[in-house]
Every structure is written in structure tokens, then in C-alpha cells.
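Data from target-v6.cif: mmCIF, C-alpha atoms
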data_model
#
loop_
_atom_site.group_PDB
_atom_site.id
_atom_site.type_symbol
_atom_site.label_atom_id
_atom_site.label_comp_id
_atom_site.auth_asym_id
_atom_site.auth_seq_id
_atom_site.Cartn_x
_atom_site.Cartn_y
_atom_site.Cartn_z
ATOM 1 C CA MET A 1 57.650 188.447 93.055
ATOM 2 C CA THR A 2 58.958 189.822 89.771
ATOM 3 C CA SER A 3 61.860 188.291 87.857
ATOM 4 C CA GLU A 4 63.818 191.482 88.560
ATOM 5 C CA ASN A 5 63.405 190.994 92.309
ATOM 6 C CA LEU A 6 64.369 187.348 92.003
ATOM 7 C CA ASN A 7 67.552 188.336 90.192
ATOM 8 C CA MET A 8 68.407 190.743 93.017
ATOM 9 C CA ARG A 9 68.092 188.151 95.761
ATOM 10 C CA LYS A 10 71.390 187.387 97.470
ATOM 11 C CA HIS A 11 72.315 185.600 100.659
ATOM 12 C CA MET A 12 74.936 185.105 103.311
ATOM 13 C CA TYR A 13 75.703 181.804 104.982
ATOM 14 C CA PHE A 14 76.052 181.268 108.709
ATOM 15 C CA ILE A 15 78.364 178.347 109.475
ATOM 16 C CA GLY A 16 77.787 177.055 112.991
ATOM 17 C CA VAL A 17 76.517 174.127 115.038
ATOM 18 C CA SER A 18 72.869 174.948 115.761
ATOM 19 C CA THR A 19 72.252 177.991 113.597
ATOM 20 C CA ARG A 20 68.452 177.834 113.581
ATOM 21 C CA GLN A 21 68.424 178.500 117.337
ATOM 22 C CA SER A 22 70.445 181.696 117.020
ATOM 23 C CA SER A 23 68.712 185.042 117.448
ATOM 24 C CA ILE A 24 70.426 186.250 114.287
ATOM 25 C CA MET A 25 67.814 184.396 112.248
ATOM 26 C CA LYS A 26 65.225 186.894 113.510
ATOM 27 C CA VAL A 27 67.569 189.859 113.767
ATOM 28 C CA PHE A 28 69.086 189.612 110.275
ATOM 29 C CA PRO A 29 65.935 190.551 108.287
ATOM 30 C CA LEU A 30 65.402 193.578 110.546
ATOM 31 C CA TRP A 31 68.970 194.695 110.019
ATOM 32 C CA MET A 32 68.846 194.240 106.254
ATOM 33 C CA LYS A 33 65.683 196.322 106.048
ATOM 34 C CA GLU A 34 67.335 199.039 108.122
ATOM 35 C CA LEU A 35 70.388 198.965 105.830
ATOM 36 C CA GLY A 36 68.249 199.133 102.704
ATOM 37 C CA MET A 37 68.986 195.567 101.613
ATOM 38 C CA PRO A 38 65.773 193.612 102.246
ATOM 39 C CA TYR A 39 66.641 191.253 99.384
ATOM 40 C CA LEU A 40 69.603 189.795 101.331
ATOM 41 C CA SER A 41 68.788 186.679 103.361
ATOM 42 C CA LEU A 42 70.714 184.457 105.786
ATOM 43 C CA GLU A 43 71.082 180.693 105.404
ATOM 44 C CA GLY A 44 72.374 178.451 108.177
ATOM 45 C CA MET A 45 74.922 175.729 107.531
ATOM 46 C CA ASP A 46 75.319 173.351 110.496
ATOM 47 C CA LEU A 47 78.459 171.286 110.983
ATOM 48 C CA LYS A 48 79.498 169.075 113.871
ATOM 49 C CA LEU A 49 82.149 170.271 116.288
ATOM 50 C CA ASN A 50 85.534 169.052 115.022
ATOM 51 C CA ASP A 51 83.874 167.842 111.839
ATOM 52 C CA ASP A 52 85.502 165.909 109.016
ATOM 53 C CA PRO A 53 87.876 168.238 107.095
ATOM 54 C CA ALA A 54 86.083 167.240 103.890
ATOM 55 C CA ASN A 55 82.907 168.828 105.212
ATOM 56 C CA TYR A 56 84.713 172.082 105.937
ATOM 57 C CA ARG A 57 86.132 172.097 102.421
ATOM 58 C CA ARG A 58 82.687 171.375 101.003
ATOM 59 C CA ALA A 59 81.221 174.324 102.874
ATOM 60 C CA VAL A 60 83.900 176.753 101.674
ATOM 61 C CA THR A 61 83.608 175.472 98.116
ATOM 62 C CA GLN A 62 79.851 176.019 98.208
ATOM 63 C CA ILE A 63 80.370 179.624 99.286
ATOM 64 C CA LYS A 64 82.987 180.176 96.616
ATOM 65 C CA GLU A 65 80.945 178.715 93.774
ATOM 66 C CA ASP A 66 77.495 180.048 94.721
ATOM 67 C CA PRO A 67 76.937 183.145 92.535
ATOM 68 C CA ARG A 68 74.240 184.505 94.844
ATOM 69 C CA CYS A 69 76.333 184.161 97.989
ATOM 70 C CA LEU A 70 78.178 187.242 99.248
ATOM 71 C CA GLY A 71 80.024 185.566 102.111
ATOM 72 C CA SER A 72 79.597 183.973 105.518
ATOM 73 C CA LEU A 73 80.055 184.297 109.238
ATOM 74 C CA VAL A 74 81.862 181.381 110.863
ATOM 75 C CA THR A 75 81.454 180.427 114.492
ATOM 76 C CA ALA A 76 82.668 177.393 116.486
ATOM 77 C CA HIS A 77 84.645 176.157 113.447
ATOM 78 C CA LYS A 78 86.986 179.115 112.918
ATOM 79 C CA ILE A 79 90.234 177.221 113.384
ATOM 80 C CA ASN A 80 89.287 173.860 111.890
ATOM 81 C CA LEU A 81 87.671 175.376 108.816
ATOM 82 C CA LEU A 82 90.735 177.401 107.893
ATOM 83 C CA LYS A 83 93.040 174.474 108.566
ATOM 84 C CA ALA A 84 91.019 172.266 106.221
ATOM 85 C CA ALA A 85 90.406 174.780 103.436
ATOM 86 C CA ARG A 86 93.225 177.322 103.539
ATOM 87 C CA ASP A 87 94.203 176.683 99.922
ATOM 88 C CA LEU A 88 90.719 177.690 98.734
ATOM 89 C CA PHE A 89 91.230 181.292 99.841
ATOM 90 C CA ASP A 90 92.773 183.940 97.643
ATOM 91 C CA TYR A 91 93.463 186.293 100.538
ATOM 92 C CA LEU A 92 93.752 186.116 104.333
ATOM 93 C CA ASP A 93 93.963 189.300 106.359
ATOM 94 C CA PRO A 94 96.920 189.744 108.749
ATOM 95 C CA LEU A 95 94.859 188.809 111.803
ATOM 96 C CA ALA A 96 93.675 185.593 110.152
ATOM 97 C CA GLN A 97 97.268 184.706 109.321
ATOM 98 C CA LEU A 98 98.406 185.477 112.851
ATOM 99 C CA THR A 99 95.592 183.656 114.653
ATOM 100 C CA GLU A 100 95.226 180.800 112.146
ATOM 101 C CA GLU A 101 91.439 181.227 112.150
ATOM 102 C CA ILE A 102 88.671 183.027 110.297
ATOM 103 C CA SER A 103 85.290 184.272 111.457
ATOM 104 C CA CYS A 104 84.374 186.037 108.216
ATOM 105 C CA ILE A 105 84.393 184.931 104.582
ATOM 106 C CA SER A 106 83.755 187.548 101.921
ATOM 107 C CA LYS A 107 83.809 187.573 98.129
ATOM 108 C CA ARG A 108 85.298 190.294 95.970
ATOM 109 C CA GLY A 109 84.613 189.311 92.386
ATOM 110 C CA VAL A 110 86.223 185.903 91.926
ATOM 111 C CA ARG A 111 88.395 186.319 95.025
ATOM 112 C CA LEU A 112 87.520 184.489 98.239
ATOM 113 C CA GLU A 113 88.806 186.335 101.288
ATOM 114 C CA GLY A 114 89.091 185.299 104.927
ATOM 115 C CA TYR A 115 89.149 187.616 107.950
ATOM 116 C CA ALA A 116 89.558 187.232 111.694
ATOM 117 C CA LYS A 117 87.094 189.704 113.169
ATOM 118 C CA ASP A 118 87.022 188.404 116.747
ATOM 119 C CA PRO A 119 89.960 190.519 117.954
ATOM 120 C CA ILE A 120 87.940 193.582 116.986
ATOM 121 C CA ALA A 121 84.526 192.368 118.169
ATOM 122 C CA GLY A 122 85.816 190.779 121.377
ATOM 123 C CA GLY A 123 87.905 193.803 122.202
ATOM 124 C CA MET A 124 85.028 196.226 121.689
ATOM 125 C CA SER A 125 82.807 194.066 123.898
ATOM 126 C CA LEU A 126 85.391 193.822 126.672
ATOM 127 C CA ASP A 127 86.081 197.552 126.597
ATOM 128 C CA THR A 128 82.357 198.212 126.950
ATOM 129 C CA LEU A 129 82.233 195.854 129.936
ATOM 130 C CA LEU A 130 85.339 197.028 131.801
ATOM 131 C CA GLY A 131 85.821 200.655 130.845
ATOM 132 C CA PRO A 132 89.228 202.384 130.536
ATOM 133 C CA GLY A 133 92.058 201.629 132.934
ATOM 134 C CA TYR A 134 90.279 198.690 134.571
ATOM 135 C CA PHE A 135 93.366 196.607 135.382
ATOM 136 C CA GLY A 136 95.270 199.631 136.628
ATOM 137 C CA ARG A 137 92.396 200.492 138.986
ATOM 138 C CA THR A 138 91.765 196.978 140.282
ATOM 139 C CA GLY A 139 95.002 195.025 139.944
ATOM 140 C CA GLY A 140 92.889 192.153 138.629
ATOM 141 C CA HIS A 141 94.148 189.297 136.472
ATOM 142 C CA VAL A 142 92.358 187.322 133.731
ATOM 143 C CA LEU A 143 91.433 183.632 133.786
ATOM 144 C CA SER A 144 90.286 182.375 130.394
ATOM 145 C CA LEU A 145 88.704 178.939 130.432
ATOM 146 C CA GLY A 146 89.354 177.854 126.861
ATOM 147 C CA ALA A 147 92.166 178.572 124.386
ATOM 148 C CA GLY A 148 90.232 178.845 121.136
ATOM 149 C CA GLY A 149 89.428 181.771 118.901
ATOM 150 C CA SER A 150 87.837 184.013 121.525
ATOM 151 C CA THR A 151 90.800 183.771 123.871
ATOM 152 C CA THR A 152 93.219 184.308 120.992
ATOM 153 C CA ALA A 153 91.232 187.405 120.080
ATOM 154 C CA LEU A 154 91.447 188.808 123.606
ATOM 155 C CA VAL A 155 95.202 188.232 123.784
ATOM 156 C CA LEU A 156 95.558 190.233 120.572
ATOM 157 C CA HIS A 157 93.263 192.910 121.946
ATOM 158 C CA PHE A 158 95.370 193.289 125.076
ATOM 159 C CA SER A 159 98.558 193.359 123.007
ATOM 160 C CA ARG A 160 97.301 196.483 121.216
ATOM 161 C CA LYS A 161 96.655 198.450 124.383
ATOM 162 C CA GLN A 162 99.080 201.331 124.768
ATOM 163 C CA GLN A 163 98.346 201.997 128.445
ATOM 164 C CA ALA A 164 99.486 199.400 130.981
ATOM 165 C CA GLY A 165 96.293 199.912 132.984
ATOM 166 C CA ASP A 166 94.231 198.589 130.078
ATOM 167 C CA ARG A 167 95.861 195.162 130.070
ATOM 168 C CA PRO A 168 96.289 192.577 132.828
ATOM 169 C CA ALA A 169 99.705 191.893 134.315
ATOM 170 C CA ARG A 170 98.859 188.165 134.302
ATOM 171 C CA MET A 171 96.593 185.973 132.179
ATOM 172 C CA VAL A 172 95.881 182.339 133.037
ATOM 173 C CA ILE A 173 94.647 180.083 130.218
ATOM 174 C CA VAL A 174 93.130 176.616 130.624
ATOM 175 C CA ASN A 175 92.412 174.212 127.788
ATOM 176 C CA ARG A 176 92.032 170.498 127.124
ATOM 177 C CA SER A 177 94.141 170.415 123.959
ATOM 178 C CA PRO A 178 97.926 170.736 124.242
ATOM 179 C CA ARG A 179 98.100 171.695 120.563
ATOM 180 C CA ARG A 180 95.820 174.673 121.101
ATOM 181 C CA ILE A 181 97.810 175.770 124.126
ATOM 182 C CA GLU A 182 101.082 175.574 122.215
ATOM 183 C CA ALA A 183 99.664 177.513 119.285
ATOM 184 C CA LEU A 184 98.380 180.220 121.610
ATOM 185 C CA ARG A 185 101.638 180.272 123.567
ATOM 186 C CA ARG A 186 103.655 180.942 120.397
ATOM 187 C CA MET A 187 101.404 183.802 119.383
ATOM 188 C CA ALA A 188 101.166 185.330 122.872
ATOM 189 C CA ASP A 189 104.927 185.283 123.365
ATOM 190 C CA ALA A 190 105.334 187.148 120.098
ATOM 191 C CA VAL A 191 102.663 189.827 120.486
ATOM 192 C CA ALA A 192 102.213 190.397 124.239
ATOM 193 C CA PRO A 193 105.549 190.138 126.097
ATOM 194 C CA GLU A 194 104.290 192.612 128.732
ATOM 195 C CA ILE A 195 101.762 190.073 130.044
ATOM 196 C CA ARG A 196 102.767 187.093 132.180
ATOM 197 C CA PHE A 197 100.967 184.056 130.772
ATOM 198 C CA GLU A 198 100.340 180.771 132.554
ATOM 199 C CA TYR A 199 98.958 177.732 130.720
ATOM 200 C CA TYR A 200 97.249 174.669 132.134
ATOM 201 C CA CYS A 201 96.357 171.678 129.995
ATOM 202 C CA GLN A 202 93.639 169.859 131.925
ATOM 203 C CA ARG A 203 89.941 169.027 131.862
ATOM 204 C CA ASP A 204 89.153 168.696 135.564
ATOM 205 C CA PRO A 205 86.766 171.507 136.607
ATOM 206 C CA ARG A 206 87.990 171.218 140.190
ATOM 207 C CA GLN A 207 91.437 172.318 139.057
ATOM 208 C CA SER A 208 89.822 175.288 137.322
ATOM 209 C CA ASP A 209 88.047 176.043 140.619
ATOM 210 C CA HIS A 210 91.421 176.187 142.335
ATOM 211 C CA LEU A 211 92.900 178.518 139.717
ATOM 212 C CA MET A 212 89.888 180.794 140.011
ATOM 213 C CA GLU A 213 90.060 180.914 143.798
ATOM 214 C CA THR A 214 93.705 182.037 143.767
ATOM 215 C CA LEU A 215 92.976 185.104 141.598
ATOM 216 C CA PRO A 216 93.298 188.532 143.215
ATOM 217 C CA PRO A 217 90.198 190.691 143.793
ATOM 218 C CA GLY A 218 88.840 192.380 140.685
ATOM 219 C CA SER A 219 89.929 189.615 138.330
ATOM 220 C CA VAL A 220 88.047 188.671 135.176
ATOM 221 C CA VAL A 221 86.906 185.050 134.636
ATOM 222 C CA ILE A 222 85.815 184.134 131.101
ATOM 223 C CA ASN A 223 83.999 181.052 129.869
ATOM 224 C CA ALA A 224 85.486 180.678 126.386
ATOM 225 C CA THR A 225 84.973 176.918 126.141
ATOM 226 C CA GLY A 226 81.615 176.733 124.353
ATOM 227 C CA MET A 227 80.283 174.777 127.333
ATOM 228 C CA GLY A 228 76.764 175.900 128.095
ATOM 229 C CA LYS A 229 75.876 176.303 124.425
ATOM 230 C CA ASP A 230 77.540 173.921 121.965
ATOM 231 C CA LEU A 231 78.612 171.554 124.747
ATOM 232 C CA PRO A 232 76.820 170.718 128.008
ATOM 233 C CA GLY A 233 77.980 171.765 131.444
ATOM 234 C CA SER A 234 80.474 174.306 132.749
ATOM 235 C CA PRO A 235 84.281 174.446 133.003
ATOM 236 C CA ILE A 236 83.987 174.982 136.789
ATOM 237 C CA THR A 237 81.963 173.300 139.543
ATOM 238 C CA ASP A 238 79.268 174.825 141.721
ATOM 239 C CA ALA A 239 81.783 174.849 144.569
ATOM 240 C CA GLY A 240 84.224 177.138 142.749
ATOM 241 C CA ARG A 241 84.458 180.679 144.154
ATOM 242 C CA PHE A 242 84.683 183.686 141.864
ATOM 243 C CA PRO A 243 87.094 186.491 142.863
ATOM 244 C CA ILE A 244 85.567 189.153 145.058
ATOM 245 C CA ASN A 245 84.731 192.381 143.192
ATOM 246 C CA GLY A 246 85.472 190.478 140.004
ATOM 247 C CA VAL A 247 83.890 190.058 136.576
ATOM 248 C CA ALA A 248 82.335 186.863 135.234
ATOM 249 C CA TRP A 249 81.939 186.909 131.465
ATOM 250 C CA GLU A 250 79.960 184.155 129.764
ATOM 251 C CA LEU A 251 80.652 184.452 126.036
ATOM 252 C CA ASN A 252 77.393 182.705 125.129
ATOM 253 C CA TYR A 253 73.951 184.266 125.347
ATOM 254 C CA ARG A 254 71.858 181.135 124.666
ATOM 255 C CA GLY A 255 71.920 177.543 125.864
ATOM 256 C CA ASP A 256 71.784 176.173 129.389
ATOM 257 C CA LEU A 257 74.455 178.715 130.425
ATOM 258 C CA GLN A 258 75.510 176.842 133.539
ATOM 259 C CA PHE A 259 78.602 179.024 134.042
ATOM 260 C CA LEU A 260 76.398 182.126 133.949
ATOM 261 C CA ASN A 261 74.064 180.641 136.543
ATOM 262 C CA GLN A 262 77.014 179.778 138.785
ATOM 263 C CA ALA A 263 78.192 183.383 138.608
ATOM 264 C CA LEU A 264 74.724 184.779 139.269
ATOM 265 C CA ALA A 265 74.434 182.613 142.367
ATOM 266 C CA GLN A 266 77.503 184.382 143.804
ATOM 267 C CA ARG A 267 76.896 187.866 142.460
ATOM 268 C CA GLU A 268 75.737 189.499 145.678
ATOM 269 C CA GLU A 269 78.101 187.676 148.026
ATOM 270 C CA GLN A 270 81.193 188.265 145.878
ATOM 271 C CA ASN A 271 80.067 191.632 144.477
ATOM 272 C CA LEU A 272 80.447 190.319 140.939
ATOM 273 C CA THR A 273 79.777 192.001 137.643
ATOM 274 C CA VAL A 274 78.117 189.303 135.519
ATOM 275 C CA GLU A 275 77.815 189.581 131.748
ATOM 276 C CA ASP A 276 76.518 187.268 129.050
ATOM 277 C CA GLY A 277 77.553 187.212 125.381
ATOM 278 C CA TRP A 278 74.851 189.438 123.884
ATOM 279 C CA VAL A 279 77.026 192.502 123.208
ATOM 280 C CA TYR A 280 79.738 190.195 121.838
ATOM 281 C CA PHE A 281 77.108 188.661 119.559
ATOM 282 C CA LEU A 282 76.136 192.119 118.265
ATOM 283 C CA HIS A 283 79.693 193.264 117.621
ATOM 284 C CA GLY A 284 80.663 189.945 116.040
ATOM 285 C CA TRP A 285 77.810 190.000 113.553
ATOM 286 C CA THR A 286 77.996 193.685 112.662
ATOM 287 C CA GLN A 287 81.745 193.462 112.020
ATOM 288 C CA VAL A 288 81.238 190.534 109.646
ATOM 289 C CA ILE A 289 78.253 192.105 107.881
ATOM 290 C CA ALA A 290 80.216 195.308 107.289
ATOM 291 C CA GLN A 291 83.063 193.313 105.737
ATOM 292 C CA VAL A 292 80.848 191.100 103.592
ATOM 293 C CA LEU A 293 78.736 193.997 102.302
ATOM 294 C CA ASP A 294 81.752 196.328 102.010
ATOM 295 C CA ILE A 295 80.078 199.080 104.019
ATOM 296 C CA GLN A 296 81.031 201.307 106.947
ATOM 297 C CA LEU A 297 79.032 200.987 110.173
ATOM 298 C CA ASP A 298 79.478 204.060 112.343
ATOM 299 C CA GLU A 299 78.529 204.243 116.013
ATOM 300 C CA ALA A 300 75.098 205.679 115.263
ATOM 301 C CA THR A 301 74.296 202.873 112.829
ATOM 302 C CA PHE A 302 75.490 200.241 115.304
ATOM 303 C CA SER A 303 73.250 201.768 117.975
ATOM 304 C CA ARG A 304 70.233 201.558 115.659
ATOM 305 C CA LEU A 305 70.994 197.940 114.815
ATOM 306 C CA ALA A 306 71.492 197.097 118.494
ATOM 307 C CA MET A 307 68.141 198.648 119.339
ATOM 308 C CA LEU A 308 66.402 196.590 116.645
ATOM 309 C CA ALA A 309 68.064 193.428 117.960
ATOM 310 C CA GLU A 310 66.988 194.236 121.514
ATOM 311 C CA SER A 311 63.357 194.044 120.424
ATOM 312 C CA ILE A 312 63.656 190.292 119.830
ATOM 313 C CA ARG A 313 66.396 189.491 122.373
ATOM 314 C CA PRO A 314 65.757 186.307 124.358
ATOM 315 C CA PRO A 315 65.048 186.957 128.055
ATOM 316 C CA SER A 316 68.360 187.806 129.712
ATOM 317 C CA ARG A 317 69.094 185.982 132.941
ATOM 318 C CA VAL A 318 71.490 188.735 133.919
ATOM 319 C CA GLN A 319 68.826 191.419 133.544
ATOM 320 C CA THR A 320 66.208 189.262 135.258
ATOM 321 C CA GLU A 321 68.458 188.740 138.263
ATOM 322 C CA VAL A 322 69.185 192.466 138.470
ATOM 323 C CA ILE A 323 65.480 193.294 138.510
ATOM 324 C CA SER A 324 64.556 190.570 140.971
ATOM 325 C CA SER A 325 67.319 191.518 143.399
ATOM 326 C CA ASP A 326 66.577 195.275 143.021
ATOM 327 C CA ARG A 327 70.204 196.038 142.312
#
As C-alpha cells, the full file:
Amino acid sequence: MTSENLNMRKHMYFIGVSTRQSSIMKVFPLWMKELGMPYLSLEGMDLKLNDDPANYRRAVTQIKEDPRCLGSLVTAHKINLLKAARDLFDYLDPLAQLTEEISCISKRGVRLEGYAKDPIAGGMSLDTLLGPGYFGRTGGHVLSLGAGGSTTALVLHFSRKQQAGDRPARMVIVNRSPRRIEALRRMADAVAPEIRFEYYCQRDPRQSDHLMETLPPGSVVINATGMGKDLPGSPITDAGRFPINGVAWELNYRGDLQFLNQALAQREEQNLTVEDGWVYFLHGWTQVIAQVLDIQLDEATFSRLAMLAESIRPPSRVQTEVISSDR
């Protein structure tokens, strides 16, 4: 490799928990070649869940001071990282300020900027899954198991919907942390007064079973806890019943995915639509890459990148079940 090529080499960081296991490590080089930037690489940076604030500050400082680093995607640590290192940022976009989290760090000269991209990525993924007017057609509600960044993003997404049929009349949110529930409650009350929110601070999966079983037909149940990927288990038990004609959305695409398996076991009986987190993964990464590289990704470009990613996608349990059941 020539010295000129060495001088061109840049990288992004990926701040997560088990980054080496993510499909992005194989997808990223394909995408960079497609975008004409084969010199840009991806480096994982693993931190523990709820890590020491000093470690979050160290990670952000490394990004800020590394001259070859263009930015980073942040997952699993979006809230804690910003809380620990807010003063290190020169700019936070309005969504980051509103949600108190960041999923994207970019550099513009000497400026370090933080963005919350999940409301965009999560919303695009949900719209793809449900289609227009879903809640008007079905009368379904939403049960979100978890009150972290993904749920915050979906609340913001619903708040931006102009048509009543595109947002649920009621959204039930379950979380273990009262602080997270209170933070989400304050934001939801401010941005989405049209939706009736109910909050439950508990960690007993049997109580989540009960909440799920009282949902009307057509409701959407979301695993936004990280359980099944970063944490073992599922937020519900095997005895819990999904709503008939409903949607089960597992936000992860890798791990033991117990929640996904529970939904698949009931798919035929309850006439469920079951989705994993692959499309969310694609939208999340492409939104961050576009921000970090300061480029526009149109629909055609996204489709090309999605096709490249599909070539190395891990076997999908959802697709396998569809094939095996001939549905």
C-alpha cells in the first residue's frame, strides 16, 4: 500500500456491547465500496451495559481527538453516553436534545456533533411494516416492552403523524426503571397529547403477559428491552398470548431472540405478523452513515445497499418459518 493510500485511510467507530458479532462488520466494506469509499473502515468499541461514566467519556474523547475518525454509530449506550459526555459535544440536534440520547456522532472540522437518528430509522421501519392507516383500519394499540431509545423514537414518530389513522389511540409502556419512565412520560406528554399513554414500572414477565392479553385485536407488541441480544431471555413468558391479528416486532435480528421465537410459535394460531430487526438495522446504519459522511442517500441507493446486505444476512428465523409453513 502506498503512502498516499495510507494517508487516505479513515474510519468510523461502532460503540456497542458485542460489536464483532454484528453483521455490519461484513456489510460495511461492501457498502463503502458501493459508495466509492473503500478506504473507510469500521472499528468496534465494546462497552458494558450501564458502564462507568468515565468509560463513556473516554470513548467520546477518543472519537473527538482521533484525526482519522469521521464519527461513530452508538447503540445500547445512547442515553448513558450522552449523559456522561454531554459537555464534550459542540452541537446536539433538536431530536437529541428532546430525547436526551444520541445514536450518531459526527465531526465537522473541530466540531463534535451528536444526533438522534432513531426517530427517523425506527419510523421508516415501522411504516414499512404496517403500511399507511394501520391503526385506523385495525383499531389496534401498541405495547412497548422497554422505555429506552427505541421506544422514545417511536413516540416521536407517532407524534409527527398528521393522520389519526397512522397513530395508535393508546400506547402501553413497560420498563424496570422509574427514571426512564418519568423521562419518557415528560416527553410524551409534551409531543403526543393525542395518544393515551399508560406506564407500568415492573420486571415481572407475567405482568407483561397480562398487559399483552388485554390488548385489542390488531395491536402491535414490541420487544424494545434488548433482551434476546444484549441480555438473556424475554420480557414475556411462553404462556403469554399475543393479540389476534396483531404484529410482533422484535427489534433485534441476532442473539437467542426468545421473544421472536415465542411470537413464531403463535403465528398461525393468532394470525400474527412477525418481524425481526433487520430492516431497522439497515435504516439505522444508513441514516448514521449519511450523516457522518455528509452525503444524501436516496431510495435507489438505499435499495442497492439493502441488496448488498442481504447477500450476507444471517439466516432469518422469520423467513425460515414462512417457508417451512408454506405461508
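Going from CA of Met25 (chain A) over to CA of Ser72 (chain A), you cover 13.6 Å.
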| message | Give me, as a list in words, all polymer residues having an atom no more than 9 Å from Asp118 (chain A), counting only C-alpha atoms and skipping those fewer than 4 positions away in the same chain. | response | Ile102, Ser103, Gly122, Gly123, Gly149, Ser150, Thr152, Ala153, Leu154, His283, Gly284 and Gln287 of chain A
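When you apply the PyMOL selection byres ((chain A and resi 266) around 10) to this structure, what comes back is Asp238, Gly240, Arg241, Phe242, Pro243, Ile244, Asn261, Gln262, Ala263, Leu264, Ala265, Arg267, Glu268, Glu269, Gln270, Asn271, Leu272 and Val274 of chain A.
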| message | To test your reading of the syntax: which residues would the PyMOL selection byres ((chain A and resi 17) around 12) return for the file shown? Reply as a list of chain:residue names. | response | A:Phe14, A:Ile15, A:Gly16, A:Ser18, A:Thr19, A:Arg20, A:Gln21, A:Ser22, A:Gly44, A:Met45, A:Asp46, A:Leu47, A:Lys48, A:Leu49, A:Asn50, A:Asp51, A:Val74, A:Thr75, A:Ala76, A:His77, A:Lys78, A:Gly226, A:Lys229, A:Asp230, A:Leu231
| request: Find the residues with any atom within 12 Å of (73.5, 186.2, 123.3); use all atoms listed in the file and the coordinates as given in the file, and write the answer as a ChimeraX atom specification. | output: /A:21-24,27,228-229,249-257,260,275-285,309-310,312-318
| task | May I ask which of the residues A:Gly71, A:Pro29, A:Gly246, A:Pro38 is the closest one to Met12 (chain A), counting only C-alpha atoms? | result |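 Smallest distance to Met12 (chain A) is found for A:Gly71.
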| task | Tell me, in Å to one decimal, how far CA of His141 (chain A) is from CA of Glu194 (chain A). | result |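 Result for CA of His141 (chain A) versus CA of Glu194 (chain A): 13.2 Å, one decimal.
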| message | Quick check on the file I pasted: which residues fall under the PyMOL selection byres ((chain A and resi 184) around 9)? Write them as a PyMOL selection string. | response | chain A and resi 99+147-148+151-152+155+179-183+185-189
| message | For Arg160 (chain A), find every residue with an atom within 12 Å (counting all atoms listed in the file), except residues of its own chain fewer than 2 positions away, and show them as an MDAnalysis selection string. | response | chainID A and resid 119:120 123 153:158 162:164 166:167 188 191:195
| request: Rank nothing, just name the residue among A:Thr61, A:Gln258, A:Thr138, A:Gln97 nearest to Leu112 (chain A), using all atoms listed in the file. | output: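 The closest residue to Leu112 (chain A) is A:Thr61.
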| task | Name the closest residue to Val220 (chain A) among the candidates A:Arg9, A:Leu130, A:Ala300, A:Val288; distances are taken between atoms, counting all atoms listed in the file. | result |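 Counting all atoms listed in the file, the residue closest to Val220 (chain A) is A:Leu130.
Non-sequential neighbours of Glu34 (chain A) (distance at most 12 Å, separation of 2 or more positions within a chain, only C-alpha atoms) are A:Val27, A:Phe28, A:Pro29, A:Leu30, A:Trp31, A:Met32, A:Gly36, A:Met37, A:Pro38, A:Tyr39, A:Leu40, A:Thr301, A:Phe302, A:Ser303, A:Arg304, A:Leu305, A:Ala306, A:Met307, A:Leu308, A:Ala309.
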Could the centre and edge lengths of an axis-aligned box, enclosing all atoms of region 194-206 of chain A in the file with 3 Å extra on each side, be given in Å to one decimal as lines of an AutoDock Vina configuration file?
center_x = 95.5
center_y = 180.7
center_z = 134.5
size_x = 23.5
size_y = 29.9
size_z = 17.5
| message | One number please: CA of Phe259 (chain A) to CA of Val221 (chain A), in Å, one decimal. | response | 10.3 Å
| said: List the spatial neighbours of Gln207 (chain A) as a ChimeraX atom specification - criterion: any atom at most 10 Å away, only C-alpha atoms, same-chain residues fewer than 3 positions off excluded. | reply: /A:174,200,202-204,210-213,235-237,240
| query | A:Ile295, A:Leu42, A:Ala121, A:Leu92: which is nearest Cys69 (chain A), counting only C-alpha atoms? | reply | A:Leu42
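The nearest approach to Ala224 (chain A) among the residues A:Gly140, A:Leu95, A:Asp298, A:Asn175, with all atoms listed in the file taken into account, belongs to A:Asn175.
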| message | When you look at Tyr56 (chain A) with a cut-off of 9 Å (counting only C-alpha atoms), what residues show up, excluding the ones that are within fewer than 2 positions of it in the same chain? I need them as a list in words. | response |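 Returned residues: Leu47, Asp51, Asp52, Pro53, Ala54, Arg58, Ala59, Val60, Thr61, His77, Asn80, Leu81, Leu82, Ala84 and Ala85 of chain A.
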| task | Check the smallest atom-to-atom distance from each of A:Leu73, A:Ser219, A:Phe135, A:Arg206 to Val172 (chain A) using all atoms listed in the file, then report the winner. | result |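 Between A:Leu73, A:Ser219, A:Phe135, A:Arg206, the residue approaching Val172 (chain A) most closely is A:Ser219.
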